[in-house]
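So this one's start29.cif, mmCIF, C-alpha atoms and all ligand atoms:
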data_query
#
loop_
_atom_site.label_atom_id
_atom_site.label_comp_id
_atom_site.auth_asym_id
_atom_site.auth_seq_id
_atom_site.Cartn_x
_atom_site.Cartn_y
_atom_site.Cartn_z
CA MET A 220 -1.40 119.85 133.57
CA LYS A 221 -0.80 119.82 129.82
CA ASP A 222 0.92 116.49 129.34
CA SER A 223 -1.17 114.44 126.92
CA ILE A 224 -0.51 113.91 123.24
CA LEU A 225 -2.93 113.19 120.41
CA VAL A 226 -1.32 110.62 118.11
CA ILE A 227 -2.70 110.52 114.57
CA ASN A 228 -1.99 107.86 111.94
CA CYS A 229 -3.69 108.76 108.64
CA GLY A 230 -3.97 106.07 105.99
CA SER A 231 -5.53 106.53 102.56
CA SER A 232 -8.96 105.42 103.79
CA SER A 233 -8.54 105.31 107.57
CA LEU A 234 -7.46 107.47 110.48
CA LYS A 235 -6.24 105.82 113.69
CA PHE A 236 -5.86 107.97 116.77
CA ALA A 237 -5.00 107.78 120.46
CA ILE A 238 -4.53 110.23 123.29
CA LEU A 239 -1.65 109.25 125.56
CA ALA A 240 -1.00 110.76 128.99
CA ASN A 241 1.65 110.34 131.71
CA ALA A 242 4.67 110.42 129.38
CA GLY A 243 2.85 108.09 127.01
CA GLN A 244 2.26 105.42 129.69
CA GLU A 245 -1.55 105.75 129.80
CA THR A 246 -3.98 105.61 126.86
CA LEU A 247 -6.96 107.83 127.70
CA VAL A 248 -8.95 107.22 124.52
CA GLU A 249 -8.25 105.58 121.17
CA GLY A 250 -10.10 104.77 118.01
CA ILE A 251 -10.28 104.49 114.27
CA ALA A 252 -12.18 106.16 111.47
CA ASP A 253 -12.66 103.60 108.73
CA ARG A 254 -13.75 103.43 105.08
CA LEU A 255 -13.07 107.14 104.57
CA GLY A 256 -13.92 108.20 101.04
CA THR A 257 -17.04 105.98 100.97
CA ASP A 258 -20.57 106.64 102.26
CA GLU A 259 -20.23 103.82 104.80
CA SER A 260 -17.59 105.47 106.92
CA SER A 261 -17.67 105.55 110.69
CA ILE A 262 -15.51 106.48 113.64
CA THR A 263 -15.10 104.39 116.78
CA PHE A 264 -14.05 105.73 120.18
CA LYS A 265 -12.73 103.33 122.83
CA PHE A 266 -12.95 105.06 126.20
CA GLU A 267 -13.07 103.65 129.74
CA GLY A 268 -13.44 100.11 128.39
CA LYS A 269 -16.44 100.92 126.18
CA LYS A 270 -16.66 101.22 122.40
CA ASN A 271 -18.84 103.82 120.75
CA GLU A 272 -19.31 103.92 116.97
CA ILE A 273 -20.56 107.03 115.14
CA GLN A 274 -21.52 107.02 111.45
CA LEU A 275 -19.92 109.84 109.45
CA ASP A 276 -22.21 111.71 107.00
CA VAL A 277 -19.16 112.80 105.04
CA GLY A 278 -16.41 110.21 105.12
CA SER A 279 -13.42 112.54 104.98
CA HIS A 280 -10.25 112.90 107.06
CA LYS A 281 -11.51 116.39 107.99
CA ASN A 282 -14.80 115.03 109.27
CA ALA A 283 -12.96 112.39 111.30
CA VAL A 284 -10.74 115.01 113.01
CA ASP A 285 -13.87 117.16 113.49
CA GLN A 286 -15.47 114.26 115.39
CA ILE A 287 -12.37 113.87 117.57
CA LYS A 288 -12.60 117.59 118.35
CA SER A 289 -16.33 117.33 119.24
CA TRP A 290 -15.57 114.34 121.45
CA LEU A 291 -12.89 116.41 123.20
CA ASN A 292 -15.35 119.29 123.64
CA SER A 293 -17.54 116.95 125.65
CA HIS A 294 -14.51 115.70 127.67
CA PRO A 295 -12.98 119.07 128.66
CA THR A 296 -10.46 117.69 131.18
CA ILE A 297 -8.81 115.66 128.44
CA GLU A 298 -9.12 118.51 125.95
CA HIS A 299 -7.35 120.91 128.30
CA SER A 300 -4.58 118.41 128.97
CA LEU A 301 -3.52 118.28 125.30
CA ALA A 302 0.02 119.56 124.78
CA GLY A 303 0.61 118.58 121.15
CA ILE A 304 -0.14 116.32 118.23
CA GLY A 305 2.17 113.63 116.83
CA HIS A 306 1.67 112.31 113.29
CA ARG A 307 2.94 109.04 111.90
CA VAL A 308 4.43 109.70 108.45
CA VAL A 309 5.43 106.80 106.22
CA HIS A 310 8.04 108.36 103.93
CA GLY A 311 10.57 111.00 104.91
CA GLY A 312 13.06 110.25 102.12
CA GLU A 313 16.64 111.41 102.73
CA THR A 314 15.46 114.72 104.20
CA PHE A 315 14.19 113.48 107.56
CA SER A 316 16.55 111.34 109.65
CA LYS A 317 14.64 112.09 112.85
CA SER A 318 11.28 113.41 114.06
CA VAL A 319 10.64 117.13 113.55
CA LEU A 320 8.29 119.92 114.61
CA ILE A 321 6.02 120.54 111.64
CA ASN A 322 6.21 123.82 109.75
CA GLN A 323 5.46 124.67 106.10
CA ASP A 324 8.88 123.35 104.93
CA VAL A 325 8.16 120.00 106.57
CA VAL A 326 4.76 119.78 104.86
CA THR A 327 6.46 120.55 101.52
CA GLY A 328 9.02 117.79 102.24
CA ILE A 329 6.30 115.23 103.04
CA LYS A 330 4.48 116.19 99.82
CA LYS A 331 7.73 115.72 97.85
CA TYR A 332 8.06 112.11 99.02
CA SER A 333 4.51 111.30 97.89
CA GLN A 334 6.21 110.04 94.71
CA PHE A 335 7.48 107.03 96.73
CA ALA A 336 4.40 106.63 99.00
CA PRO A 337 1.48 107.76 96.81
CA LEU A 338 -1.20 106.28 99.08
CA HIS A 339 0.22 107.33 102.43
CA ASN A 340 2.03 110.69 102.25
CA PRO A 341 -0.90 112.65 100.70
CA ALA A 342 -3.14 111.27 103.48
CA HIS A 343 -0.62 112.40 106.12
CA VAL A 344 -0.58 115.90 104.61
CA LYS A 345 -4.38 115.99 104.79
CA GLY A 346 -4.29 114.92 108.45
CA ILE A 347 -1.66 117.54 109.31
CA GLU A 348 -3.49 120.37 107.51
CA VAL A 349 -6.83 119.51 109.11
CA ALA A 350 -5.22 119.24 112.56
CA PHE A 351 -3.64 122.71 112.14
CA GLU A 352 -7.03 124.09 111.15
CA LEU A 353 -8.99 122.50 114.01
CA PHE A 354 -6.34 122.68 116.76
CA PRO A 355 -4.66 125.99 115.86
CA GLY A 356 -2.74 126.47 119.13
CA LEU A 357 -1.19 123.01 119.35
CA PRO A 358 2.35 122.23 118.13
CA GLN A 359 2.58 119.25 115.79
CA VAL A 360 5.35 116.74 115.22
CA ALA A 361 6.03 114.33 112.34
CA VAL A 362 7.54 110.90 113.12
CA PHE A 363 8.82 109.07 110.03
CA ASP A 364 8.82 105.29 109.38
CA THR A 365 11.94 105.71 107.22
CA ALA A 366 14.01 107.85 109.65
CA PHE A 367 15.55 105.03 111.73
CA HIS A 368 17.10 103.49 108.60
CA GLN A 369 18.97 106.62 107.54
CA THR A 370 22.04 105.10 109.27
CA LEU A 371 22.43 102.41 106.56
CA ALA A 372 25.79 102.48 104.72
CA PRO A 373 25.73 103.20 100.95
CA GLU A 374 26.64 99.60 100.10
CA GLN A 375 23.40 98.56 101.83
CA TYR A 376 21.02 101.27 100.62
CA LEU A 377 22.11 101.64 96.99
CA TYR A 378 20.57 99.47 94.27
CA PRO A 379 23.07 98.04 91.77
CA ILE A 380 21.62 100.04 88.86
CA PRO A 381 23.23 102.97 86.97
CA MET A 382 24.27 105.55 89.58
CA HIS A 383 22.54 108.45 87.87
CA PHE A 384 19.18 107.06 89.05
CA TYR A 385 20.33 107.68 92.61
CA ARG A 386 22.01 111.00 91.84
CA GLU A 387 19.08 112.45 89.90
CA HIS A 388 16.05 110.70 91.40
CA HIS A 389 17.13 109.40 94.86
CA PHE A 390 16.10 105.85 93.93
CA ARG A 391 17.51 103.80 96.84
CA LYS A 392 16.44 101.57 99.71
CA TYR A 393 14.66 103.57 102.44
CA GLY A 394 13.12 100.88 104.65
CA PHE A 395 9.99 101.18 106.82
CA HIS A 396 8.62 100.18 110.27
CA GLY A 397 11.44 102.36 111.67
CA THR A 398 9.38 103.68 114.60
CA SER A 399 8.63 100.10 115.66
CA TYR A 400 12.31 99.09 115.35
CA ARG A 401 13.44 102.11 117.39
CA TYR A 402 10.92 101.21 120.11
CA ILE A 403 12.07 97.55 120.15
CA SER A 404 15.73 98.58 120.33
CA GLN A 405 15.05 100.84 123.34
CA ARG A 406 12.75 98.33 125.06
CA LEU A 407 15.29 95.55 124.59
CA ALA A 408 18.00 97.75 126.16
CA GLN A 409 15.77 98.01 129.29
CA ILE A 410 15.39 94.24 129.68
CA ALA A 411 18.69 92.98 128.21
CA ASN A 412 21.43 95.13 129.64
CA GLY A 413 24.08 96.04 127.06
CA SER A 414 21.99 95.06 124.01
CA ASP A 415 22.49 98.62 122.71
CA GLN A 416 26.16 97.66 122.17
CA GLN A 417 25.34 94.31 120.54
CA GLY A 418 23.86 92.83 117.36
CA VAL A 419 20.07 92.59 117.24
CA LEU A 420 17.78 91.08 114.60
CA VAL A 421 14.10 92.08 114.58
CA ALA A 422 11.23 90.56 112.61
CA HIS A 423 8.29 92.99 112.52
CA LEU A 424 5.57 90.67 111.23
CA GLY A 425 2.13 92.17 110.68
CA ASN A 426 0.01 92.55 107.59
CA GLY A 427 3.07 94.47 106.35
CA ALA A 428 6.25 92.66 107.36
CA SER A 429 9.97 93.36 107.37
CA THR A 430 13.23 92.48 109.08
CA CYS A 431 15.91 94.77 110.48
CA ALA A 432 19.46 94.37 111.76
CA ILE A 433 20.37 96.79 114.54
CA ASN A 434 24.08 97.14 115.22
CA LYS A 435 24.90 98.89 118.51
CA GLY A 436 21.52 100.67 118.52
CA LYS A 437 21.59 101.74 114.84
CA SER A 438 19.80 100.22 111.89
CA SER A 439 22.43 98.58 109.64
CA ASP A 440 20.11 96.85 107.15
CA THR A 441 16.41 96.23 106.57
CA SER A 442 14.41 94.16 104.10
CA MET A 443 11.98 96.75 102.69
CA GLY A 444 13.22 99.02 99.91
CA ILE A 445 12.25 102.19 98.09
CA THR A 446 8.67 101.09 98.85
CA PRO A 447 7.31 98.48 101.29
CA LEU A 448 7.01 95.91 98.45
CA GLU A 449 10.58 94.60 98.78
CA GLY A 450 11.66 91.83 101.14
CA LEU A 451 9.36 89.43 102.97
CA MET A 452 6.23 87.77 101.69
CA MET A 453 3.41 89.66 103.45
CA GLY A 454 -0.38 89.60 103.84
CA THR A 455 -1.06 90.68 100.26
CA ARG A 456 2.41 91.73 99.02
CA SER A 457 4.70 89.33 97.19
CA GLY A 458 7.93 90.76 98.62
CA SER A 459 11.14 90.28 96.62
CA LEU A 460 11.04 88.33 93.37
CA ASP A 461 12.75 88.29 89.99
CA PRO A 462 11.80 91.69 88.46
CA SER A 463 11.43 89.98 85.06
CA LEU A 464 8.17 88.54 86.42
CA LEU A 465 6.66 92.02 86.06
CA SER A 466 7.08 91.80 82.32
CA PHE A 467 5.90 88.15 82.11
CA ILE A 468 2.75 88.84 84.19
CA SER A 469 1.89 92.01 82.29
CA GLN A 470 2.26 90.18 78.94
CA ALA A 471 0.36 87.08 80.11
CA GLU A 472 -2.58 89.15 81.38
CA ASN A 473 -2.24 91.96 78.82
CA ILE A 474 -2.20 94.58 81.56
CA SER A 475 -0.07 97.66 82.31
CA PHE A 476 2.95 97.72 84.65
CA GLU A 477 0.82 99.65 87.18
CA SER A 478 -1.85 96.93 87.18
CA THR A 479 0.85 94.28 87.50
CA LEU A 480 2.35 96.11 90.48
CA ASP A 481 -1.15 96.23 91.95
CA ILE A 482 -1.26 92.40 91.76
CA LEU A 483 2.10 92.21 93.55
CA ASN A 484 0.94 94.68 96.24
CA LYS A 485 -2.68 93.65 96.79
CA GLN A 486 -3.32 90.12 95.52
CA SER A 487 -0.13 88.24 96.36
CA GLY A 488 1.58 87.09 99.56
CA LEU A 489 -0.42 84.96 102.01
CA LEU A 490 -3.63 85.81 100.12
CA GLY A 491 -2.28 84.95 96.67
CA VAL A 492 -0.71 81.63 97.68
CA SER A 493 -3.47 80.38 100.01
CA GLU A 494 -6.33 81.67 97.83
CA ILE A 495 -8.18 81.98 101.16
CA SER A 496 -7.10 85.05 103.13
CA ASN A 497 -4.31 87.50 103.90
CA ASP A 498 -4.99 87.05 107.61
CA CYS A 499 -2.61 84.82 109.55
CA ARG A 500 -5.20 83.82 112.15
CA THR A 501 -7.71 82.71 109.48
CA LEU A 502 -4.96 80.70 107.76
CA GLU A 503 -3.87 79.02 110.99
CA GLU A 504 -7.47 77.95 111.61
CA ALA A 505 -7.74 76.63 108.03
CA MET A 506 -4.43 74.76 108.42
CA GLU A 507 -5.62 73.19 111.67
CA SER A 508 -8.68 71.87 109.87
CA GLY A 509 -6.43 70.29 107.23
CA ASP A 510 -6.25 72.93 104.48
CA LEU A 511 -2.94 72.34 102.65
CA ARG A 512 -3.01 75.66 100.77
CA ALA A 513 -3.11 77.55 104.07
CA LYS A 514 -0.18 75.47 105.37
CA LEU A 515 1.84 76.09 102.19
CA ALA A 516 1.27 79.87 102.43
CA LEU A 517 2.30 79.95 106.11
CA ASP A 518 5.36 77.75 105.50
CA MET A 519 6.45 79.95 102.58
CA PHE A 520 6.02 83.00 104.81
CA ALA A 521 8.26 81.36 107.43
CA ALA A 522 10.95 80.31 104.94
CA ARG A 523 11.15 83.75 103.37
CA THR A 524 11.17 85.54 106.72
CA ALA A 525 14.11 83.36 107.86
CA LYS A 526 15.96 84.12 104.61
CA HIS A 527 15.55 87.88 105.13
CA LEU A 528 16.65 87.60 108.76
CA ALA A 529 19.82 85.81 107.65
CA SER A 530 20.31 88.35 104.88
CA VAL A 531 20.21 91.47 107.10
CA ALA A 532 22.34 89.63 109.71
CA THR A 533 25.34 89.97 107.37
CA THR A 534 25.70 93.56 108.64
CA LEU A 535 26.18 92.42 112.27
CA GLU A 536 29.32 91.25 114.08
CA SER A 537 27.28 88.79 116.15
CA ILE A 538 23.62 87.86 116.48
CA ASP A 539 23.04 88.39 120.19
CA HIS A 540 19.26 88.87 120.10
CA LEU A 541 16.37 88.04 117.80
CA VAL A 542 13.05 89.79 118.51
CA PHE A 543 9.61 88.88 117.12
CA THR A 544 7.05 91.70 117.06
CA GLY A 545 3.92 92.89 115.16
CA GLY A 546 0.53 91.12 115.15
CA ILE A 547 1.97 87.87 113.75
CA GLY A 548 5.34 88.01 115.52
CA GLU A 549 3.66 88.62 118.88
CA ASN A 550 0.89 86.03 118.50
CA SER A 551 1.75 83.22 116.10
CA SER A 552 3.73 80.55 117.97
CA TYR A 553 3.45 78.36 114.84
CA LEU A 554 5.27 80.89 112.65
CA ARG A 555 7.89 81.76 115.29
CA GLN A 556 8.75 78.06 115.53
CA ALA A 557 8.69 77.56 111.75
CA ILE A 558 10.96 80.58 111.20
CA CYS A 559 13.46 79.43 113.85
CA ASN A 560 13.49 75.92 112.34
CA HIS A 561 15.08 77.54 109.27
CA LEU A 562 17.69 79.32 111.39
CA LYS A 563 19.28 76.23 112.98
CA ALA A 564 22.47 76.73 110.97
CA LEU A 565 22.88 80.03 112.85
CA ASN A 566 22.29 78.13 116.11
CA ILE A 567 19.14 80.11 116.85
CA ARG A 568 16.82 77.82 118.81
CA ILE A 569 13.66 78.37 120.81
CA ASP A 570 12.07 76.41 123.65
CA SER A 571 8.87 75.01 122.13
CA ASP A 572 7.03 74.79 125.46
CA ILE A 573 7.71 78.41 126.35
CA ASN A 574 6.94 79.48 122.78
CA ASP A 575 3.63 77.57 122.66
CA ASN A 576 2.48 78.98 126.00
CA ALA A 577 3.60 82.58 125.52
CA PRO A 578 0.96 84.83 127.14
CA ARG A 579 -0.59 87.42 124.82
CA GLY A 580 0.76 90.96 124.92
CA GLU A 581 3.74 90.23 127.15
CA THR A 582 7.50 90.49 126.75
CA LEU A 583 9.08 87.05 126.98
CA ASN A 584 12.41 85.29 126.39
CA ILE A 585 11.62 82.13 124.38
CA SER A 586 15.19 80.92 123.67
CA ALA A 587 16.22 77.33 124.21
CA LYS A 588 19.05 76.80 126.72
CA ASP A 589 21.51 75.84 123.93
CA SER A 590 20.66 78.80 121.64
CA ASN A 591 23.54 81.14 120.67
CA THR A 592 21.03 83.96 120.42
CA ASN A 593 18.48 85.27 122.91
CA VAL A 594 15.09 85.02 121.21
CA TRP A 595 12.36 87.37 122.44
CA VAL A 596 8.71 88.21 121.88
CA ILE A 597 8.23 91.95 122.49
CA PRO A 598 4.94 93.76 121.78
CA THR A 599 5.69 96.87 119.75
CA ASN A 600 4.35 100.33 120.66
CA GLU A 601 4.66 102.85 117.86
CA GLU A 602 2.13 105.24 119.46
CA LEU A 603 4.32 105.52 122.56
CA MET A 604 7.36 106.44 120.43
CA ILE A 605 5.33 109.08 118.58
CA ALA A 606 4.06 110.54 121.86
CA LEU A 607 7.56 110.60 123.41
CA ASP A 608 9.10 112.25 120.34
CA THR A 609 6.30 114.84 120.37
CA ILE A 610 6.82 115.62 124.07
CA SER A 611 10.56 115.93 123.62
CA LEU A 612 10.31 118.25 120.58
CA ILE A 613 7.64 120.56 121.99
CA GLN A 614 9.60 121.04 125.23
CA HIS A 615 12.57 122.58 123.37
P1 LIG B 1 -0.62 95.85 110.46
O1 LIG B 1 -0.34 96.82 111.61
O2 LIG B 1 0.53 95.64 109.54
O3 LIG B 1 -1.91 96.06 109.75
P2 LIG B 1 -0.77 93.91 112.63
O4 LIG B 1 0.57 94.14 113.26
O5 LIG B 1 -1.97 94.36 113.37
O6 LIG B 1 -0.81 94.42 111.13
O7 LIG B 1 -0.89 92.31 112.37
C1 LIG B 1 -1.99 91.77 111.74
C2 LIG B 1 -1.72 90.27 111.56
O8 LIG B 1 -1.53 89.66 112.85
C3 LIG B 1 -2.86 89.53 110.88
O9 LIG B 1 -2.37 88.65 109.89
C4 LIG B 1 -3.47 88.74 112.03
O10 LIG B 1 -4.09 87.55 111.61
C5 LIG B 1 -2.24 88.44 112.84
N1 LIG B 1 -2.63 88.01 114.21
C6 LIG B 1 -3.22 88.76 115.16
N2 LIG B 1 -3.51 87.97 116.25
C7 LIG B 1 -3.10 86.71 115.95
C8 LIG B 1 -3.13 85.45 116.63
N3 LIG B 1 -3.63 85.32 117.86
N4 LIG B 1 -2.61 84.38 116.00
C9 LIG B 1 -2.08 84.48 114.76
N5 LIG B 1 -2.03 85.63 114.06
C10 LIG B 1 -2.54 86.73 114.63
#
Let's see the structure in the file written out as structure tokens.
Amino acid sequence: MKDSILVINCGSSSLKFAILANAGQETLVEGIADRLGTDESSITFKFEGKKNEIQLDVGSHKNAVDQIKSWLNSHPTIEHSLAGIGHRVVHGGETFSKSVLINQDVVTGIKKYSQFAPLHNPAHVKGIEVAFELFPGLPQVAVFDTAFHQTLAPEQYLYPIPMHFYREHHFRKYGFHGTSYRYISQRLAQIANGSDQQGVLVAHLGNGASTCAINKGKSSDTSMGITPLEGLMMGTRSGSLDPSLLSFISQAENISFESTLDILNKQSGLLGVSEISNDCRTLEEAMESGDLRAKLALDMFAARTAKHLASVATTLESIDHLVFTGGIGENSSYLRQAICNHLKALNIRIDSDINDNAPRGETLNISAKDSNTNVWVIPTNEELMIALDTISLIQH
């Protein structure tokens, strides 16, 4: 039976993939091609509990998809079960407010929004074109990170700059992590009856991090902007700051605006403040062995996350649920506690025992008995959303 979906997530130098079967419930094989564009690239397949790494002679997206196809050739049952391909696409601008079957117009649209996602969208186009070439019979679907936030009202998505920038250039807040937020909203509705008619705050905290307010199932505000640089302090991104700093930094270092933006995107955040690492786990270990820089970076991350939760909450009528997700949100009990310590004025409180002992990878309610808001840890599953959207679009 043709019921499995190949999910592809192309980054500028990586390609993550998974094949999901049984309406997305079962992962048959998954893996990642890394360091594409260098001569040290490789692709890893995780299948039946074993990992197998293959070096790539040519580290290109095409070669990576070629390897996936060869792997499928040697696993014909899985190959014959493929019904379609779902691609994660970072930027869909104002054109794409939901997932779509890919045709030439869609590819042109994705190319157009490369101006706002210059590292990601061109890589997605490559992935899509190669997949069409190597899997000619299979329908393909694009699932956009920005789509879920197309429900924001103009007073939330417009920047307070001269309106002609929006009219002529579409400069506005778009927001990201939308596929994760849509999954969390649907998953929460399964475990907290009626949450789709309530106010929900979500903190998606990974290497990239953002917050979202979901009012009655629809995104009403989010912390990221025209690019993922706005909002929270992240692994290597500064998040929001006084834009005048751009000019001060570029003058102080005698560098261009582009190089200054590079500092804000790649050398700031947890990495910039701690001067140790962008990785939360590494910083927690350093903090535990007494490193004050690591503690400062983590505490700043918590303070700024809380601020951006409170900020997006202004679009809700009530804060009925707060969900932590993403690698940090799902695993760092220290940061969940530190963030909630800043939200006491909103009467959001968690039970420290339950929080400290939260089992990895599980959905859990960690609220304290006297909390106004239900606080949850919910593992996100963007691949599942992409697979489900693909199934639903190819069946029509
Ligand atoms: P992205 O998808 O944005 O690249 P992830 O959602 O995978 O990122 O999250 C990566 C982050 O999660 C890293 O900072 C990592 O240290 C952190 N993380 C993963 N596991 C743990 C853990 N057990 N404790 C603390 N942080 C963790």
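Remark: for Leu377 in chain A, the closest of the candidate residues A:Gly418, A:Gly548, A:Gly243, A:Gly444 is A:Gly444 (distances computed over only C-alpha atoms).
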Go through the chains and note each residue within 8 Å of ligand LIG 1 (chain B), using all atoms listed in the file, then give the set as a compact mmCIF listing (two decimals) with C-alpha atoms, in the coordinates of the input.
# COMPACT_ATOMS: atom_id res chain seq x y z
CA HIS A 423 8.29 92.99 112.52
CA LEU A 424 5.57 90.67 111.23
CA GLY A 425 2.13 92.17 110.68
CA ASN A 426 0.01 92.55 107.59
CA GLY A 427 3.07 94.47 106.35
CA ALA A 428 6.25 92.66 107.36
CA GLY A 454 -0.38 89.60 103.84
CA ASN A 497 -4.31 87.50 103.90
CA ASP A 498 -4.99 87.05 107.61
CA CYS A 499 -2.61 84.82 109.55
CA ARG A 500 -5.20 83.82 112.15
CA THR A 501 -7.71 82.71 109.48
CA LEU A 502 -4.96 80.70 107.76
CA GLU A 503 -3.87 79.02 110.99
CA THR A 544 7.05 91.70 117.06
CA GLY A 545 3.92 92.89 115.16
CA GLY A 546 0.53 91.12 115.15
CA ILE A 547 1.97 87.87 113.75
CA GLY A 548 5.34 88.01 115.52
CA GLU A 549 3.66 88.62 118.88
CA ASN A 550 0.89 86.03 118.50
CA SER A 551 1.75 83.22 116.10
CA SER A 552 3.73 80.55 117.97
CA ARG A 579 -0.59 87.42 124.82
Do you have, as a Markdown table, the list of residues of range 257-305 of chain A lying at most 12 Å from range 315-339 of chain A, each with its nearest atom pair and that distance in Å to one decimal, counting all atoms listed in the file and ordered by chain then number?
| residue | atom | partner | partner_atom | distance |
| --- | --- | --- | --- | --- |
| A:Gly303 | CA | A:Leu320 | CA | 10.2 |
| A:Ile304 | CA | A:Leu320 | CA | 9.9 |
| A:Gly305 | CA | A:Leu320 | CA | 9.1 |
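CA of Arg401 in chain A is positioned 17.0 Å from CA of Ala242 in chain A.
Minimum atom-to-atom distances from A:Ser442, A:His280, A:Ser289, A:Phe236 to Thr263 in chain A were compared using all atoms listed in the file, and the lowest value belongs to A:Phe236.
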*Find the residues around Ala577 in chain A up to 12 Å (all atoms listed in the file counted), leave out those fewer than 5 positions away in its own chain, and share them as an NGL selection string.*
:A and (548-553 or 555 or 569-572 or 582-586 or 595-598)
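Between CA of Gly250 in chain A and CA of Ile262 in chain A there is a distance of 7.2 Å.
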_List as number ranges by chain the protein and nucleic acid residues near Thr441 in chain A, meaning an atom at most 8 Å away when only C-alpha atoms are counted, but skip any in the same chain fewer than 6 places from it._
A: 368, 394, 429-432, 531
*Mind pulling up the distance from CA of Leu275 in chain A to CA of Gly356 in chain A?*
25.8 Å
*Nearest to His527 in chain A: which of A:Leu603, A:Leu511, A:Ala283, A:Leu420 is it, counting all atoms listed in the file?*
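For His527 in chain A, the nearest of the given residues is A:Leu420.
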*Find the spatial neighbours of Phe467 in chain A, counting only C-alpha atoms, within a cut-off of 12 Å - ignore same-chain residues fewer than 6 positions away - and output them as a list in words.*
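Selected residues are Asp461, Asn473, Ile474, Ser475, Phe476 and Thr479 of chain A.
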*Using all atoms listed in the file, pick whichever of A:Arg307, A:Arg254, A:Lys526, A:Arg456 has the shortest atom-to-atom distance to Val492 in chain A.*
A:Arg456
*Just the residues within 10 Å of Ser478 in chain A, please, counting all atoms listed in the file, with nothing from its chain fewer than 4 positions along; format it as a list in words.*
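Surrounding residues, per the criterion: Leu465, Ile468, Ser469, Glu472, Asn473, Ile474, Ile482, Leu483 and Asn484 of chain A.
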*Tell me which protein, DNA and RNA residues are within 9 Å of Leu460 in chain A, counting all atoms listed in the file, leaving out same-chain ones fewer than 4 positions away, and put them as a VMD selection string.*
chain A and resid 449 to 450 464
If you take all atoms listed in the file and a cut-off of 12 Å, which residues of range 462-581 of chain A touch range 414-417 of chain A, and what are their nearest atom pairs and distances in Å to one decimal, in chain and number order, as a tab-separated table?
residue	atom	partner	partner_atom	distance
A:Thr534	CA	A:Gln417	CA	11.9
A:Leu535	CA	A:Gln417	CA	8.5
A:Glu536	CA	A:Gln417	CA	8.2
A:Ser537	CA	A:Gln417	CA	7.3
A:Ile538	CA	A:Gln417	CA	7.8
A:Asp539	CA	A:Gln417	CA	6.4
A:His540	CA	A:Ser414	CA	7.8
A:Leu541	CA	A:Ser414	CA	10.9
A:Val542	CA	A:Ser414	CA	11.7
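Each of A:Leu612, A:Leu234, A:Ile605, A:Ala564 was checked against Asn591 in chain A using all atoms listed in the file; the smallest atom-to-atom distance is that of A:Ala564.
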For range 559-578 of chain A, I'd like the enclosing box, axis-aligned and padded by 8 Å on every side, reported as AutoDock Vina command-line options with centre and edge lengths in Å to one decimal.
--center_x 11.9 --center_y 79.8 --center_z 118.2 --size_x 37.9 --size_y 26.0 --size_z 33.9
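Nearest residue to Gln244 in chain A among A:Gln274, A:Met604, A:Glu313, A:Ile433 is A:Met604, counting all atoms listed in the file.
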